[in-house]
file entry_37.txt (compact mmCIF, C-alpha atoms)
# COMPACT_ATOMS: atom_id res chain seq x y z
CA MET Y 223 0.00 0.00 0.00
CA LYS Y 224 1.16 3.56 -0.71
CA ILE Y 225 0.45 5.84 2.25
CA GLY Y 226 0.67 9.60 1.78
CA VAL Y 227 1.76 11.38 4.96
CA TYR Y 228 0.68 15.00 5.27
CA GLY Y 229 1.31 17.63 7.94
CA SER Y 230 2.87 21.02 8.54
CA ALA Y 231 5.96 21.70 6.46
CA ALA Y 232 6.80 24.76 8.57
CA GLY Y 233 5.85 26.52 11.77
CA ASP Y 234 6.24 25.35 15.34
CA ILE Y 235 6.44 21.58 15.49
CA THR Y 236 6.86 20.10 18.95
CA GLU Y 237 9.37 17.36 19.65
CA THR Y 238 6.43 15.09 20.57
CA VAL Y 239 4.83 15.56 17.13
CA ARG Y 240 8.21 15.11 15.42
CA GLU Y 241 8.67 11.77 17.19
CA LEU Y 242 5.11 10.67 16.33
CA ALA Y 243 5.81 11.46 12.66
CA ARG Y 244 9.02 9.41 12.82
CA LYS Y 245 7.03 6.54 14.37
CA VAL Y 246 4.55 6.77 11.50
CA GLY Y 247 7.41 6.50 9.00
CA ARG Y 248 8.95 3.56 10.85
CA GLN Y 249 5.62 1.73 10.99
CA ILE Y 250 4.94 2.29 7.29
CA ALA Y 251 8.37 0.83 6.44
CA LEU Y 252 8.14 -2.06 8.91
CA ARG Y 253 4.77 -3.06 7.51
CA GLY Y 254 6.16 -3.12 3.94
CA HIS Y 255 4.30 -0.09 2.65
CA THR Y 256 5.58 2.83 0.56
CA LEU Y 257 5.62 6.29 2.12
CA ILE Y 258 4.59 9.20 -0.12
CA THR Y 259 5.07 12.87 0.77
CA GLY Y 260 5.10 16.24 -0.94
CA ALA Y 261 8.92 16.13 -0.66
CA CYS Y 262 8.86 19.00 1.84
CA PRO Y 263 10.42 19.65 5.26
CA GLY Y 264 8.61 19.56 8.60
CA ILE Y 265 6.30 16.77 9.71
CA PRO Y 266 6.32 14.84 6.41
CA TYR Y 267 10.13 14.87 6.39
CA GLU Y 268 10.20 13.49 9.93
CA ALA Y 269 8.16 10.54 8.60
CA VAL Y 270 10.72 10.17 5.78
CA LEU Y 271 13.50 9.97 8.38
CA GLY Y 272 11.59 7.32 10.31
CA ALA Y 273 11.00 5.22 7.19
CA ASN Y 274 14.68 5.53 6.29
CA GLU Y 275 15.69 4.14 9.69
CA LYS Y 276 13.87 0.94 8.72
CA GLY Y 277 14.94 0.81 5.06
CA GLY Y 278 11.54 1.81 3.71
CA GLU Y 279 10.65 3.01 0.23
CA VAL Y 280 9.93 6.76 0.13
CA ILE Y 281 8.53 8.64 -2.88
CA GLY Y 282 8.49 12.43 -2.83
CA PHE Y 283 6.27 14.46 -5.15
CA SER Y 284 8.18 17.70 -5.54
CA PRO Y 285 6.67 21.08 -6.49
CA ALA Y 286 9.84 21.68 -8.52
CA ILE Y 287 10.64 20.88 -12.14
CA ASN Y 288 14.03 19.28 -11.39
CA GLU Y 289 16.51 18.60 -8.58
CA GLN Y 290 18.20 22.00 -8.85
CA ASP Y 291 14.82 23.77 -8.61
CA HIS Y 292 13.85 21.53 -5.69
CA ILE Y 293 16.96 22.52 -3.74
CA GLU Y 294 17.46 26.15 -4.80
CA ARG Y 295 13.98 27.62 -5.30
CA PHE Y 296 12.10 25.55 -2.74
CA GLY Y 297 14.95 24.89 -0.31
CA PHE Y 298 13.91 21.23 0.13
CA SER Y 299 16.19 18.28 0.82
CA THR Y 300 16.67 15.38 -1.56
CA GLN Y 301 18.08 13.13 1.18
CA GLY Y 302 16.06 10.13 2.29
CA PHE Y 303 13.92 9.73 -0.80
CA THR Y 304 14.02 6.54 -2.85
CA GLU Y 305 12.48 8.51 -5.72
CA LEU Y 306 11.61 12.13 -6.37
CA ILE Y 307 8.97 12.94 -8.95
CA TYR Y 308 9.07 16.43 -10.40
CA LEU Y 309 6.55 18.56 -12.28
CA PRO Y 310 6.79 18.43 -16.06
CA GLU Y 311 9.41 20.92 -17.26
CA ASP Y 312 6.88 22.38 -19.71
CA TYR Y 313 4.25 22.93 -16.99
CA LYS Y 314 2.47 26.16 -17.91
CA HIS Y 315 2.53 27.60 -14.37
CA ARG Y 316 6.01 26.44 -13.35
CA GLU Y 317 7.05 29.98 -12.38
CA LEU Y 318 4.16 30.31 -9.90
CA LYS Y 319 5.49 28.71 -6.72
CA LYS Y 320 2.11 28.48 -4.96
CA VAL Y 321 0.49 26.83 -7.99
CA CYS Y 322 3.34 24.31 -8.15
CA LEU Y 323 2.75 23.44 -4.49
CA LYS Y 324 -0.92 22.68 -5.18
CA TYR Y 325 -0.07 20.65 -8.32
CA ARG Y 326 2.22 18.61 -6.09
CA ASN Y 327 -0.59 18.13 -3.53
CA VAL Y 328 -2.96 16.71 -6.13
CA SER Y 329 -0.27 14.46 -7.60
CA SER Y 330 0.89 13.02 -4.28
CA VAL Y 331 -2.63 12.31 -3.03
CA ALA Y 332 -3.72 10.84 -6.37
CA ASN Y 333 -0.77 8.43 -6.26
CA SER Y 334 -1.49 7.32 -2.67
CA ASP Y 335 -3.80 4.49 -1.69
CA SER Y 336 -4.60 6.27 1.57
CA ALA Y 337 -3.68 9.49 3.36
CA LEU Y 338 -2.42 9.96 6.89
CA ILE Y 339 -2.78 13.37 8.53
CA ILE Y 340 -0.53 14.60 11.34
CA SER Y 341 -1.31 18.05 12.80
CA GLY Y 342 -1.24 20.39 9.79
CA ARG Y 343 -2.25 23.78 8.57
CA CYS Y 344 -3.90 25.11 5.40
CA GLY Y 345 -1.80 23.03 2.97
CA THR Y 346 -2.57 19.86 4.93
CA LEU Y 347 -6.26 20.73 4.85
CA ASN Y 348 -5.90 20.97 1.06
CA GLU Y 349 -4.41 17.47 0.95
CA PHE Y 350 -7.16 16.19 3.24
CA THR Y 351 -9.92 17.61 1.02
CA ILE Y 352 -8.28 16.17 -2.11
CA ALA Y 353 -8.13 12.74 -0.47
CA TYR Y 354 -11.74 13.10 0.66
CA ASP Y 355 -12.93 14.17 -2.80
CA LEU Y 356 -11.02 11.29 -4.42
CA GLY Y 357 -12.52 8.77 -2.00
CA LYS Y 358 -9.17 7.82 -0.44
CA ASN Y 359 -9.22 6.34 3.03
CA ILE Y 360 -7.82 8.78 5.56
CA GLY Y 361 -6.11 8.24 8.90
CA VAL Y 362 -5.95 11.15 11.32
CA LEU Y 363 -3.33 11.00 14.06
CA THR Y 364 -5.26 12.70 16.84
CA GLY Y 365 -3.62 14.58 19.67
CA THR Y 366 -1.11 16.18 17.30
CA GLY Y 367 -2.80 19.59 17.14
CA GLY Y 368 -3.27 21.75 14.09
CA MET Y 369 -6.21 20.89 11.90
CA THR Y 370 -6.65 17.46 13.50
CA LYS Y 371 -8.48 19.25 16.32
CA PHE Y 372 -11.48 20.12 14.12
CA LEU Y 373 -11.56 17.63 11.23
CA GLU Y 374 -14.30 15.42 12.62
CA THR Y 375 -16.64 18.39 13.08
CA LEU Y 376 -15.70 19.82 9.69
CA VAL Y 377 -16.54 16.58 7.89
CA GLU Y 378 -19.89 16.36 9.71
CA ASP Y 379 -20.71 19.96 8.78
CA TRP Y 380 -19.81 19.40 5.12
CA ASN Y 381 -22.51 16.79 4.81
CA LYS Y 382 -20.89 15.78 1.50
CA PRO Y 383 -20.87 12.13 0.50
CA SER Y 384 -17.50 10.48 -0.04
CA GLU Y 385 -16.23 6.94 -0.41
CA SER Y 386 -13.51 7.82 2.12
CA LYS Y 387 -13.38 6.02 5.41
CA ILE Y 388 -11.86 8.29 8.04
CA ILE Y 389 -10.11 6.77 11.04
CA TYR Y 390 -9.16 8.79 14.10
CA GLU Y 391 -6.45 7.28 16.32
CA THR Y 392 -3.74 8.44 18.75
CA GLU Y 393 -1.24 5.61 18.23
CA PRO Y 394 0.70 5.45 14.91
CA GLY Y 395 0.94 1.65 14.63
CA LYS Y 396 -2.75 1.16 15.36
CA LEU Y 397 -3.71 3.89 12.88
CA ILE Y 398 -1.75 2.21 10.08
CA GLU Y 399 -3.17 -1.19 11.05
CA ASP Y 400 -6.70 0.25 10.85
CA LEU Y 401 -5.93 1.81 7.44
CA GLU Y 402 -4.76 -1.59 6.21
CA LYS Y 403 -8.09 -3.09 7.20
CA VAL Y 404 -10.17 -0.60 5.20
CA THR Y 405 -7.93 -0.16 2.16
call {"tool": "encode", "arguments": {"input": "entry_37.txt", "output": "structure tokens"}}
result
Amino acid sequence: MKIGVYGSAAGDITETVRELARKVGRQIALRGHTLITGACPGIPYEAVLGANEKGGEVIGFSPAINEQDHIERFGFSTQGFTELIYLPEDYKHRELKKVCLKYRNVSSVANSDSALIISGRCGTLNEFTIAYDLGKNIGVLTGTGGMTKFLETLVEDWNKPSESKIIYETEPGKLIEDLEKVT
């Protein structure tokens, strides 16, 4: 299974949330799954580090058009990824950084079998809504703050049908196990 891990790429990230993200990455690798991220720093990168500790496969969907752009314009690391997938070099909006970030969000979620949310801000909410609209199963690591504090209420208030099954759990291993059962 390919599990997309989404969370804050910037901002204040507590050591507790960093360690939970690493545990998520370790569990994904130990269970033989592929970790997918938006190839960014922060919480998703902590999951990359955890997966690397256990020799896991990690695919990053970059908002850049090539490695140089990934490093120089976006300031993102290439370390720890088994594969980095870049935007097409002829992408019409390649000069618009914010558009490239959203292109990357759609691509990474579309290539995941399920999504796992840790904390998060506006960009993570975007990835959550893409997963929800695409009918991907979604795991939410509760107790990590950010948007995880209001997702359950938000989904209820949307009252929009989706094929997504959403699982709320505080323990990384159990959350991944529950995602395996529904995916």
call {"tool": "residues_around", "arguments": {"input": "entry_37.txt", "residues": "Glu317 (chain Y)", "least_positions_apart": "6", "cutoff": "12 Å", "atoms": "all atoms listed in the file", "output": "list of chain:residue names"}}
result
Y:Pro285, Y:Ala286, Y:Ile287, Y:Asp291, Y:Arg295, Y:Phe296, Y:Leu309, Y:Glu311, Y:Leu323
call {"tool": "atom_distance", "arguments": {"input": "entry_37.txt", "atom1": "CA of Thr375 (chain Y)", "atom2": "CA of Ser230 (chain Y)"}}
result
20.2 Å
call {"tool": "atom_distance", "arguments": {"input": "entry_37.txt", "atom1": "CA of Ser334 (chain Y)", "atom2": "CA of Ile258 (chain Y)"}}
result
6.9 Å
call {"tool": "atom_distance", "arguments": {"input": "entry_37.txt", "atom1": "CA of Gly282 (chain Y)", "atom2": "CA of Arg253 (chain Y)"}}
result
19.0 Å
call {"tool": "closest_atom_pairs", "arguments": {"input": "entry_37.txt", "of": "region 261-343 of chain Y", "to": "region 236-240 of chain Y", "cutoff": "12 Å", "atoms": "only C-alpha atoms", "output": "CSV"}}
result
residue,atom,partner,partner_atom,distance
Y:Pro263,CA,Y:Arg240,CA,11.3
Y:Gly264,CA,Y:Arg240,CA,8.2
Y:Ile265,CA,Y:Arg240,CA,6.2
Y:Pro266,CA,Y:Arg240,CA,9.2
Y:Tyr267,CA,Y:Arg240,CA,9.2
Y:Glu268,CA,Y:Arg240,CA,6.1
Y:Ala269,CA,Y:Arg240,CA,8.2
Y:Val270,CA,Y:Arg240,CA,11.1
Y:Leu271,CA,Y:Arg240,CA,10.2
Y:Gly272,CA,Y:Arg240,CA,9.9
Y:Ile339,CA,Y:Val239,CA,11.7
Y:Ile340,CA,Y:Val239,CA,7.9
Y:Ser341,CA,Y:Val239,CA,7.9
Y:Gly342,CA,Y:Val239,CA,10.7
call {"tool": "closest_residue", "arguments": {"input": "entry_37.txt", "among": "Y:Ala231, Y:Thr304, Y:Ile352, Y:Glu402", "to": "Ile250 (chain Y)", "atoms": "only C-alpha atoms"}}
result
Y:Glu402
call {"tool": "residues_around", "arguments": {"input": "entry_37.txt", "residues": "Thr351 (chain Y)", "least_positions_apart": "2", "cutoff": "12 Å", "atoms": "all atoms listed in the file", "output": "PyMOL selection string"}}
result
chain Y and resi 228+327-328+331-332+337+339+344-349+353-360+369+373+376-377+380+382+384+386+388
call {"tool": "closest_residue", "arguments": {"input": "entry_37.txt", "among": "Y:Ala261, Y:Pro383, Y:Ser336, Y:Tyr313", "to": "Ser299 (chain Y)", "atoms": "only C-alpha atoms"}}
result
Y:Ala261
call {"tool": "closest_residue", "arguments": {"input": "entry_37.txt", "among": "Y:Glu289, Y:Glu385, Y:Glu294, Y:Asp234", "to": "Leu306 (chain Y)", "atoms": "all atoms listed in the file"}}
result
Y:Glu289
call {"tool": "build_atoms", "arguments": {"input": "entry_37.txt", "residues": "region 302-330 of chain Y", "atoms": "N, CA and C atoms", "output": "PDB file, in the coordinates of the input"}}
result
ATOM      1  N   GLY Y 302      17.056  11.010   1.687  1.00  0.00           N
ATOM      2  CA  GLY Y 302      16.060  10.130   2.290  1.00  0.00           C
ATOM      3  C   GLY Y 302      14.992   9.625   1.359  1.00  0.00           C
ATOM      4  N   PHE Y 303      14.943  10.152   0.150  1.00  0.00           N
ATOM      5  CA  PHE Y 303      13.920   9.730  -0.800  1.00  0.00           C
ATOM      6  C   PHE Y 303      14.461   8.632  -1.713  1.00  0.00           C
ATOM      7  N   THR Y 304      13.687   7.591  -1.900  1.00  0.00           N
ATOM      8  CA  THR Y 304      14.020   6.540  -2.850  1.00  0.00           C
ATOM      9  C   THR Y 304      13.835   7.081  -4.263  1.00  0.00           C
ATOM     10  N   GLU Y 305      12.814   7.922  -4.410  1.00  0.00           N
ATOM     11  CA  GLU Y 305      12.480   8.510  -5.720  1.00  0.00           C
ATOM     12  C   GLU Y 305      11.860   9.873  -5.509  1.00  0.00           C
ATOM     13  N   LEU Y 306      12.253  10.815  -6.335  1.00  0.00           N
ATOM     14  CA  LEU Y 306      11.610  12.130  -6.370  1.00  0.00           C
ATOM     15  C   LEU Y 306      10.965  12.303  -7.731  1.00  0.00           C
ATOM     16  N   ILE Y 307       9.713  12.720  -7.710  1.00  0.00           N
ATOM     17  CA  ILE Y 307       8.970  12.940  -8.950  1.00  0.00           C
ATOM     18  C   ILE Y 307       8.722  14.439  -9.068  1.00  0.00           C
ATOM     19  N   TYR Y 308       9.158  14.987 -10.184  1.00  0.00           N
ATOM     20  CA  TYR Y 308       9.070  16.430 -10.400  1.00  0.00           C
ATOM     21  C   TYR Y 308       7.928  16.770 -11.341  1.00  0.00           C
ATOM     22  N   LEU Y 309       7.540  18.054 -11.336  1.00  0.00           N
ATOM     23  CA  LEU Y 309       6.550  18.560 -12.280  1.00  0.00           C
ATOM     24  C   LEU Y 309       7.133  18.490 -13.687  1.00  0.00           C
ATOM     25  N   PRO Y 310       6.279  18.397 -14.682  1.00  0.00           N
ATOM     26  CA  PRO Y 310       6.790  18.430 -16.060  1.00  0.00           C
ATOM     27  C   PRO Y 310       7.513  19.770 -16.322  1.00  0.00           C
ATOM     28  N   GLU Y 311       8.637  19.705 -16.997  1.00  0.00           N
ATOM     29  CA  GLU Y 311       9.410  20.920 -17.260  1.00  0.00           C
ATOM     30  C   GLU Y 311       8.642  21.931 -18.096  1.00  0.00           C
ATOM     31  N   ASP Y 312       7.668  21.452 -18.888  1.00  0.00           N
ATOM     32  CA  ASP Y 312       6.880  22.380 -19.710  1.00  0.00           C
ATOM     33  C   ASP Y 312       5.574  22.799 -19.025  1.00  0.00           C
ATOM     34  N   TYR Y 313       5.463  22.550 -17.715  1.00  0.00           N
ATOM     35  CA  TYR Y 313       4.250  22.930 -16.990  1.00  0.00           C
ATOM     36  C   TYR Y 313       4.004  24.430 -17.134  1.00  0.00           C
ATOM     37  N   LYS Y 314       2.828  24.771 -17.581  1.00  0.00           N
ATOM     38  CA  LYS Y 314       2.470  26.160 -17.910  1.00  0.00           C
ATOM     39  C   LYS Y 314       2.706  27.130 -16.746  1.00  0.00           C
ATOM     40  N   HIS Y 315       2.442  26.699 -15.531  1.00  0.00           N
ATOM     41  CA  HIS Y 315       2.530  27.600 -14.370  1.00  0.00           C
ATOM     42  C   HIS Y 315       3.772  27.354 -13.519  1.00  0.00           C
ATOM     43  N   ARG Y 316       4.819  26.818 -14.100  1.00  0.00           N
ATOM     44  CA  ARG Y 316       6.010  26.440 -13.350  1.00  0.00           C
ATOM     45  C   ARG Y 316       6.676  27.600 -12.608  1.00  0.00           C
ATOM     46  N   GLU Y 317       6.447  28.820 -13.050  1.00  0.00           N
ATOM     47  CA  GLU Y 317       7.050  29.980 -12.380  1.00  0.00           C
ATOM     48  C   GLU Y 317       6.241  30.432 -11.166  1.00  0.00           C
ATOM     49  N   LEU Y 318       5.030  29.922 -11.012  1.00  0.00           N
ATOM     50  CA  LEU Y 318       4.160  30.310  -9.900  1.00  0.00           C
ATOM     51  C   LEU Y 318       4.301  29.291  -8.777  1.00  0.00           C
ATOM     52  N   LYS Y 319       5.124  29.635  -7.796  1.00  0.00           N
ATOM     53  CA  LYS Y 319       5.490  28.710  -6.720  1.00  0.00           C
ATOM     54  C   LYS Y 319       4.264  28.127  -6.010  1.00  0.00           C
ATOM     55  N   LYS Y 320       3.298  28.959  -5.692  1.00  0.00           N
ATOM     56  CA  LYS Y 320       2.110  28.480  -4.960  1.00  0.00           C
ATOM     57  C   LYS Y 320       1.281  27.509  -5.809  1.00  0.00           C
ATOM     58  N   VAL Y 321       1.215  27.743  -7.099  1.00  0.00           N
ATOM     59  CA  VAL Y 321       0.490  26.830  -7.990  1.00  0.00           C
ATOM     60  C   VAL Y 321       1.223  25.493  -8.052  1.00  0.00           C
ATOM     61  N   CYS Y 322       2.548  25.549  -8.115  1.00  0.00           N
ATOM     62  CA  CYS Y 322       3.340  24.310  -8.150  1.00  0.00           C
ATOM     63  C   CYS Y 322       3.129  23.481  -6.885  1.00  0.00           C
ATOM     64  N   LEU Y 323       2.999  24.147  -5.750  1.00  0.00           N
ATOM     65  CA  LEU Y 323       2.750  23.440  -4.490  1.00  0.00           C
ATOM     66  C   LEU Y 323       1.406  22.711  -4.530  1.00  0.00           C
ATOM     67  N   LYS Y 324       0.398  23.325  -5.110  1.00  0.00           N
ATOM     68  CA  LYS Y 324      -0.920  22.680  -5.180  1.00  0.00           C
ATOM     69  C   LYS Y 324      -0.929  21.550  -6.212  1.00  0.00           C
ATOM     70  N   TYR Y 325      -0.223  21.724  -7.314  1.00  0.00           N
ATOM     71  CA  TYR Y 325      -0.070  20.650  -8.320  1.00  0.00           C
ATOM     72  C   TYR Y 325       0.523  19.422  -7.635  1.00  0.00           C
ATOM     73  N   ARG Y 326       1.562  19.672  -6.841  1.00  0.00           N
ATOM     74  CA  ARG Y 326       2.220  18.610  -6.090  1.00  0.00           C
ATOM     75  C   ARG Y 326       1.240  17.928  -5.127  1.00  0.00           C
ATOM     76  N   ASN Y 327       0.391  18.708  -4.455  1.00  0.00           N
ATOM     77  CA  ASN Y 327      -0.590  18.130  -3.530  1.00  0.00           C
ATOM     78  C   ASN Y 327      -1.505  17.149  -4.242  1.00  0.00           C
ATOM     79  N   VAL Y 328      -2.057  17.580  -5.362  1.00  0.00           N
ATOM     80  CA  VAL Y 328      -2.960  16.710  -6.130  1.00  0.00           C
ATOM     81  C   VAL Y 328      -2.237  15.449  -6.577  1.00  0.00           C
ATOM     82  N   SER Y 329      -1.028  15.612  -7.094  1.00  0.00           N
ATOM     83  CA  SER Y 329      -0.270  14.460  -7.600  1.00  0.00           C
ATOM     84  C   SER Y 329       0.060  13.461  -6.493  1.00  0.00           C
ATOM     85  N   SER Y 330       0.500  13.950  -5.348  1.00  0.00           N
ATOM     86  CA  SER Y 330       0.890  13.020  -4.280  1.00  0.00           C
ATOM     87  C   SER Y 330      -0.318  12.279  -3.730  1.00  0.00           C
TER      88      SER Y 330
END
